[in-house]
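Asker: One file: structure_21.txt (compact mmCIF, C-alpha atoms and all ligand atoms).
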# COMPACT_ATOMS: atom_id res chain seq x y z
CA MET A 185 -2.00 92.38 109.64
CA GLU A 186 0.84 89.93 109.33
CA LEU A 187 4.01 91.20 107.61
CA HIS A 188 6.50 88.78 106.12
CA VAL A 189 9.80 90.08 104.74
CA VAL A 190 11.35 87.35 102.60
CA SER A 191 14.95 87.30 103.67
CA HIS A 192 17.10 85.21 101.35
CA PRO A 193 20.46 85.78 99.60
CA LEU A 194 18.88 85.14 96.17
CA VAL A 195 16.16 87.70 96.80
CA GLU A 196 18.65 90.31 98.02
CA HIS A 197 20.96 89.77 95.06
CA LYS A 198 18.12 89.98 92.51
CA LEU A 199 16.67 93.03 94.26
CA THR A 200 19.94 94.94 93.92
CA VAL A 201 20.01 94.32 90.16
CA LEU A 202 16.33 95.29 89.95
CA ARG A 203 16.91 98.59 91.75
CA ASP A 204 19.86 99.58 89.57
CA LYS A 205 18.73 102.33 87.19
CA ASN A 206 20.96 100.88 84.44
CA THR A 207 19.08 97.55 84.40
CA PRO A 208 17.16 97.31 81.10
CA SER A 209 13.42 96.49 80.91
CA ASN A 210 13.88 92.92 79.68
CA THR A 211 16.13 92.03 82.63
CA PHE A 212 13.83 93.97 84.98
CA ARG A 213 10.81 91.91 83.83
CA GLU A 214 12.73 88.66 84.24
CA LEU A 215 13.86 89.58 87.75
CA ILE A 216 10.39 90.64 88.90
CA SER A 217 9.13 87.25 87.78
CA GLU A 218 11.89 85.41 89.62
CA ILE A 219 11.48 87.45 92.81
CA VAL A 220 7.71 86.93 92.89
CA MET A 221 8.22 83.17 92.62
CA LEU A 222 10.50 83.24 95.64
CA GLU A 223 7.99 85.40 97.53
CA ALA A 224 5.04 83.24 96.44
CA TYR A 225 6.69 80.22 98.00
CA GLU A 226 6.30 81.96 101.37
CA ALA A 227 2.98 83.62 100.58
CA THR A 228 1.25 80.33 99.76
CA ARG A 229 2.36 78.58 102.95
CA ASP A 230 -1.15 78.77 104.50
CA LEU A 231 -3.05 77.34 101.52
CA LEU A 232 -5.41 74.58 102.63
CA LEU A 233 -4.79 71.04 101.39
CA GLU A 234 -7.03 68.03 100.92
CA ASP A 235 -6.26 64.35 100.52
CA LYS A 236 -5.72 63.00 97.01
CA PRO A 237 -5.54 59.24 96.58
CA ILE A 238 -3.16 58.27 93.75
CA GLU A 239 -1.14 55.29 92.62
CA THR A 240 2.61 55.62 92.22
CA PRO A 241 4.30 53.07 89.93
CA VAL A 242 5.02 51.13 93.14
CA ALA A 243 2.02 51.46 95.45
CA PRO A 244 -1.22 53.30 96.16
CA MET A 245 -0.91 56.27 98.52
CA VAL A 246 -2.84 59.30 99.71
CA GLY A 247 -1.10 62.49 98.60
CA LYS A 248 -2.16 66.11 99.08
CA GLN A 249 -3.53 68.73 96.73
CA ILE A 250 -4.66 72.32 97.12
CA ALA A 251 -8.24 72.26 98.39
CA PRO A 252 -11.04 73.99 96.49
CA PRO A 253 -12.19 76.69 95.91
CA ARG A 254 -9.43 77.66 93.49
CA PRO A 255 -7.22 80.49 94.73
CA MET A 256 -7.52 83.78 92.90
CA ILE A 257 -4.60 85.90 91.70
CA VAL A 258 -5.43 89.57 91.22
CA PRO A 259 -2.75 91.76 89.66
CA ILE A 260 -3.31 95.48 90.04
CA LEU A 261 -2.81 96.94 86.56
CA ARG A 262 -0.49 98.03 85.18
CA ALA A 263 2.62 97.14 87.21
CA GLY A 264 1.03 94.08 88.87
CA LEU A 265 0.91 92.39 85.47
CA GLY A 266 4.68 92.04 85.68
CA MET A 267 4.18 89.67 88.63
CA LEU A 268 1.42 87.55 87.11
CA ASP A 269 3.58 85.18 85.11
CA GLY A 270 5.69 84.19 88.14
CA MET A 271 2.59 83.72 90.31
CA MET A 272 0.89 81.52 87.71
CA LYS A 273 3.96 79.35 87.38
CA LEU A 274 3.76 78.52 91.08
CA LEU A 275 -0.03 78.38 91.27
CA PRO A 276 -1.14 77.05 87.88
CA THR A 277 -4.60 76.05 89.15
CA ALA A 278 -5.45 79.58 90.32
CA GLU A 279 -7.92 81.80 88.52
CA VAL A 280 -6.95 85.32 87.57
CA GLY A 281 -8.98 88.50 88.09
CA PHE A 282 -7.91 91.99 87.08
CA LEU A 283 -8.15 95.28 88.88
CA GLY A 284 -7.06 98.47 87.13
CA MET A 285 -6.20 101.16 89.64
CA LYS A 286 -3.96 104.13 89.32
CA ARG A 287 -2.89 107.06 91.36
CA ASP A 288 -3.80 110.56 90.22
CA GLU A 289 -0.29 112.06 90.36
CA ARG A 290 -1.69 115.50 91.32
CA THR A 291 -4.22 114.66 94.03
CA LEU A 292 -2.75 111.21 94.88
CA ASP A 293 -6.38 109.87 94.87
CA ILE A 294 -6.96 106.29 93.64
CA ILE A 295 -8.98 105.85 90.45
CA THR A 296 -10.44 102.40 89.50
CA TYR A 297 -10.45 102.30 85.70
CA ALA A 298 -11.00 98.56 85.06
CA ASN A 299 -12.12 95.41 86.84
CA ARG A 300 -12.73 91.81 85.81
CA LEU A 301 -13.49 89.79 88.91
CA PRO A 302 -16.17 87.34 90.04
CA ASP A 303 -18.98 89.06 92.02
CA ASP A 304 -18.68 86.47 94.79
CA LEU A 305 -15.27 85.78 96.32
CA THR A 306 -16.60 84.04 99.43
CA GLY A 307 -14.18 81.36 100.63
CA ARG A 308 -11.53 82.23 98.02
CA HIS A 309 -7.93 82.92 99.02
CA VAL A 310 -7.01 86.04 97.05
CA PHE A 311 -3.41 86.90 96.17
CA LEU A 312 -3.23 90.59 95.35
CA VAL A 313 -0.07 91.45 93.45
CA ASP A 314 1.45 94.89 92.95
CA PRO A 315 5.22 95.52 93.03
CA MET A 316 5.20 98.77 95.02
CA LEU A 317 3.42 99.31 98.34
CA ALA A 318 3.98 103.07 98.57
CA THR A 319 1.25 105.19 100.26
CA GLY A 320 -0.92 102.07 100.64
CA GLY A 321 -3.86 103.93 99.06
CA THR A 322 -4.23 101.53 96.11
CA LEU A 323 -4.02 98.47 98.29
CA VAL A 324 -6.50 99.76 100.85
CA ALA A 325 -8.95 100.49 97.99
CA ALA A 326 -8.28 97.08 96.38
CA ILE A 327 -8.73 95.17 99.64
CA HIS A 328 -11.95 97.05 100.33
CA TYR A 329 -13.16 96.10 96.84
CA LEU A 330 -12.34 92.42 97.38
CA ALA A 331 -13.80 92.37 100.90
CA GLU A 332 -17.08 93.83 99.57
CA ARG A 333 -17.26 90.71 97.34
CA GLY A 334 -16.82 88.41 100.32
CA ALA A 335 -13.05 87.75 100.32
CA ARG A 336 -11.78 87.27 103.88
CA GLU A 337 -8.39 85.68 103.18
CA ILE A 338 -6.20 88.17 101.32
CA THR A 339 -2.45 87.95 100.83
CA CYS A 340 -0.73 90.87 99.23
CA ILE A 341 2.59 90.27 97.48
CA ASP A 342 4.75 93.32 96.77
CA VAL A 343 8.40 93.66 95.91
CA LEU A 344 9.06 96.80 97.98
CA ALA A 345 7.08 98.51 100.73
CA ALA A 346 7.38 101.88 102.46
CA PRO A 347 6.80 102.05 106.22
CA GLU A 348 4.14 104.74 105.61
CA GLY A 349 2.09 102.38 103.43
CA LEU A 350 2.38 99.48 105.86
CA LYS A 351 1.19 101.72 108.68
CA ARG A 352 -1.80 102.87 106.63
CA LEU A 353 -2.80 99.28 105.84
CA GLU A 354 -2.56 98.37 109.49
CA GLN A 355 -4.89 101.26 110.36
CA GLU A 356 -7.40 101.12 107.51
CA VAL A 357 -7.96 97.49 106.49
CA ASN A 358 -11.18 95.99 107.81
CA PRO A 359 -10.22 93.81 110.83
CA ASP A 360 -12.59 91.06 109.60
CA VAL A 361 -10.14 90.41 106.76
CA ASN A 362 -7.34 87.98 107.47
CA PHE A 363 -4.66 90.01 105.76
CA LYS A 364 -1.02 89.20 105.15
CA VAL A 365 1.66 91.23 103.35
CA VAL A 366 4.69 89.54 101.82
CA VAL A 367 7.52 91.78 100.60
CA ALA A 368 11.12 91.36 99.49
CA ALA A 369 12.20 94.48 101.42
CA VAL A 370 10.86 97.39 103.47
CA ASP A 371 12.58 100.59 102.33
CA ASP A 372 13.34 103.81 104.15
CA HIS A 373 10.58 106.31 103.38
CA LEU A 374 8.43 108.00 100.70
CA ASN A 375 9.60 111.18 99.02
CA GLU A 376 7.36 114.18 98.30
CA GLN A 377 6.17 112.58 95.03
CA ALA A 378 5.22 109.43 96.98
CA TYR A 379 8.05 107.40 95.44
CA ILE A 380 9.68 104.77 97.62
CA VAL A 381 13.25 105.72 98.67
CA PRO A 382 15.67 104.26 97.71
CA GLY A 383 13.13 102.12 95.78
CA LEU A 384 13.48 101.31 92.10
CA GLY A 385 11.61 104.17 90.43
CA ASP A 386 8.30 103.77 88.64
CA ALA A 387 7.77 100.01 88.40
CA GLY A 388 5.21 100.29 85.55
CA ASP A 389 7.54 102.45 83.49
CA ARG A 390 10.49 100.18 84.11
CA LEU A 391 8.46 97.12 83.09
CA TYR A 392 6.60 98.55 80.12
CA GLY A 393 7.97 102.00 79.28
CA VAL A 394 6.67 105.51 79.92
CA VAL A 395 3.15 106.15 78.59
CA ASP A 396 2.27 109.56 80.09
N1 LIG B 401 4.89 103.30 92.47
C1 LIG B 401 6.05 103.03 91.83
O1 LIG B 401 6.04 102.48 90.72
N2 LIG B 401 7.20 103.38 92.43
C2 LIG B 401 7.24 103.98 93.64
O2 LIG B 401 8.33 104.27 94.14
C3 LIG B 401 6.01 104.25 94.29
C4 LIG B 401 4.85 103.89 93.69
Represent the supplied structure as structure tokens.

Answerer:
Amino acid sequence: MELHVVSHPLVEHKLTVLRDKNTPSNTFRELISEIVMLEAYEATRDLLLEDKPIETPVAPMVGKQIAPPRPMIVPILRAGLGMLDGMMKLLPTAEVGFLGMKRDERTLDIITYANRLPDDLTGRHVFLVDPMLATGGTLVAAIHYLAERGAREITCIDVLAAPEGLKRLEQEVNPDVNFKVVVAAVDDHLNEQAYIVPGLGDAGDRLYGVVD
């Protein structure tokens, strides 16, 4: 597993506002979108290119474009939806699949409650987006799900990660998968409720409000 922590003054500044418990939902949503764009710039560095002959107003030339097949963005519902807009702005030609996974707050088991993905992901570069890499349980399950459909190039973009979750990914993700994690920061630890500390609280609730 390759870990990339995006270290940039803009990211650090935006992250501090995002973490602040007094930041309202509308600002929180805006910041998540901006941070994911800055992360996506790094996360898409390995995308394959192909030649594209064009004519400028001055002369013909051979430019570059992202090679097929189209990359796939997969937000993990619900909090991952908050990152979709920013990802699509940077990768407008990508397709989008959805994976609904949530943690049972009592047992901490991962439940898949929705999916809308192609059956065959062979050859596709998949960008899995979820703001919080906490225990790693959701991501391990999601990567397993994508790998079963043939994906071998998976980049996970999170805003914050806990060392516990990163360790679990390292241990449990199938070594056949070329797997990269891009985060804005690695925090200190998980608390007994599996929240990231200092973190930013429940990302889904802060984006969309408390539903249960
Ligand atoms: N999910 C969240 O939304 N926040 C955490 O701190 C951990 C998991």

Asker: Residues within 8 Å of A:Gly320, please, as a VMD selection string. Count only C-alpha atoms; anything in the same chain fewer than 4 positions from it doesn't count.

Answerer: chain A and resid 324 348 to 350 352 to 353

Asker: At a cut-off of 6 Å and counting only C-alpha atoms and all ligand atoms, what residues surround ligand LIG 401 (chain B)? Please answer as JSON, numbers by chain.

Answerer: {"A": [316, 318, 378, 379, 380, 383, 385, 386, 387, 388]}

Asker: Which is closest to A:Asp342 among A:Leu233, A:Ile327, A:Ile257, A:Val366, if we use all atoms listed in the file?

Answerer: A:Val366

Asker: Name the closest residue to A:Leu292 among the candidates A:Asp269, A:Glu376, A:Asp314, A:Asp304; distances are taken between atoms, counting all atoms listed in the file.

Answerer: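 Under the stated criterion, the closest residue is A:Glu376.
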
Asker: Take atom CA of A:Lys286 and atom CA of A:Pro315 and report the distance between them in Å, one decimal.

Answerer: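 It comes out at 13.1 Å.
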
Asker: State, in Å with one decimal place, the distance from atom CA of A:Leu202 to atom CA of A:Ala368.

Answerer: 11.6 Å

Asker: Would you please work out which residue, of A:Ile216, A:Val394, A:Leu194, A:Val242, is nearest to A:Gly264 when using all atoms listed in the file?

Answerer: A:Ile216

Asker: Quote the spacing between atom CA of A:Glu289 and atom CA of A:Ser217 in Å to one decimal place.

Answerer: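 Answer for the atom CA of A:Glu289 to atom CA of A:Ser217 separation: 26.7 Å.
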
Asker: Smallest atom-to-atom distance to A:Ser191: which of A:Asp235, A:Glu223, A:Asp303, A:Asp293, using all atoms listed in the file?

Answerer: A:Glu223

Asker: Using only C-alpha atoms, which residue out of A:Lys351, A:Arg254, A:Arg308, A:Arg213 lies closest to A:Gly270?

Answerer: A:Arg213

Asker: As a PyMOL selection string, please: the residues near A:Lys248 (cut-off 10 Å, only C-alpha atoms, same-chain neighbours under 4 positions excluded).

Answerer: chain A and resi 232-238

Asker: Excluding same-chain residues fewer than 3 positions from A:Gly334, what lies within 6 Å of it counting all atoms listed in the file, as a PyMOL selection string?

Answerer: chain A and resi 305-306+331

Asker: So, counting all atoms listed in the file, which residue among A:Asp204, A:Glu226, A:Glu196, A:Glu279 is closest to A:Val370?

Answerer: A:Glu196

Asker: List the neighbours of A:Asp371 out to 8 Å using all atoms listed in the file; skip same-chain residues closer than 6 positions along the sequence, and give me the result as a list in words.

Answerer: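 Once the nearby chain positions are removed, what remains is Leu344, Ala345, Ala346, Pro347, Ile380, Val381, Pro382 and Gly383 of chain A.
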
Asker: Generate a file of the selected residues that holds C-alpha atoms, formatted as an mmCIF file, in the frame of the given file.

Answerer:
data_model
loop_
_atom_site.group_PDB
_atom_site.id
_atom_site.type_symbol
_atom_site.label_atom_id
_atom_site.label_comp_id
_atom_site.auth_asym_id
_atom_site.auth_seq_id
_atom_site.Cartn_x
_atom_site.Cartn_y
_atom_site.Cartn_z
ATOM 1 C CA LEU A 344 9.060 96.800 97.980
ATOM 2 C CA ALA A 345 7.080 98.510 100.730
ATOM 3 C CA ALA A 346 7.380 101.880 102.460
ATOM 4 C CA PRO A 347 6.800 102.050 106.220
ATOM 5 C CA ILE A 380 9.680 104.770 97.620
ATOM 6 C CA VAL A 381 13.250 105.720 98.670
ATOM 7 C CA PRO A 382 15.670 104.260 97.710
ATOM 8 C CA GLY A 383 13.130 102.120 95.780
#

Asker: Which residues are near A:Leu274? Cut-off 8 Å, all atoms listed in the file, ignore same chain within fewer than 6 positions. Put them as a list in words.

Answerer: Met221, Ala224 and Tyr225 of chain A

Asker: Identify the residues around (-6.7, 75.6, 90.7) within a radius of 9 Å, measuring from all atoms listed in the file in the coordinates stated by the file, and give them as a list in words.

Answerer: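 Residues with an atom at most 9 Å from (-6.7, 75.6, 90.7): Ile250, Ala251, Pro252, Pro253, Arg254, Pro255, Met256, Leu275, Pro276, Thr277, Ala278 and Glu279 of chain A.
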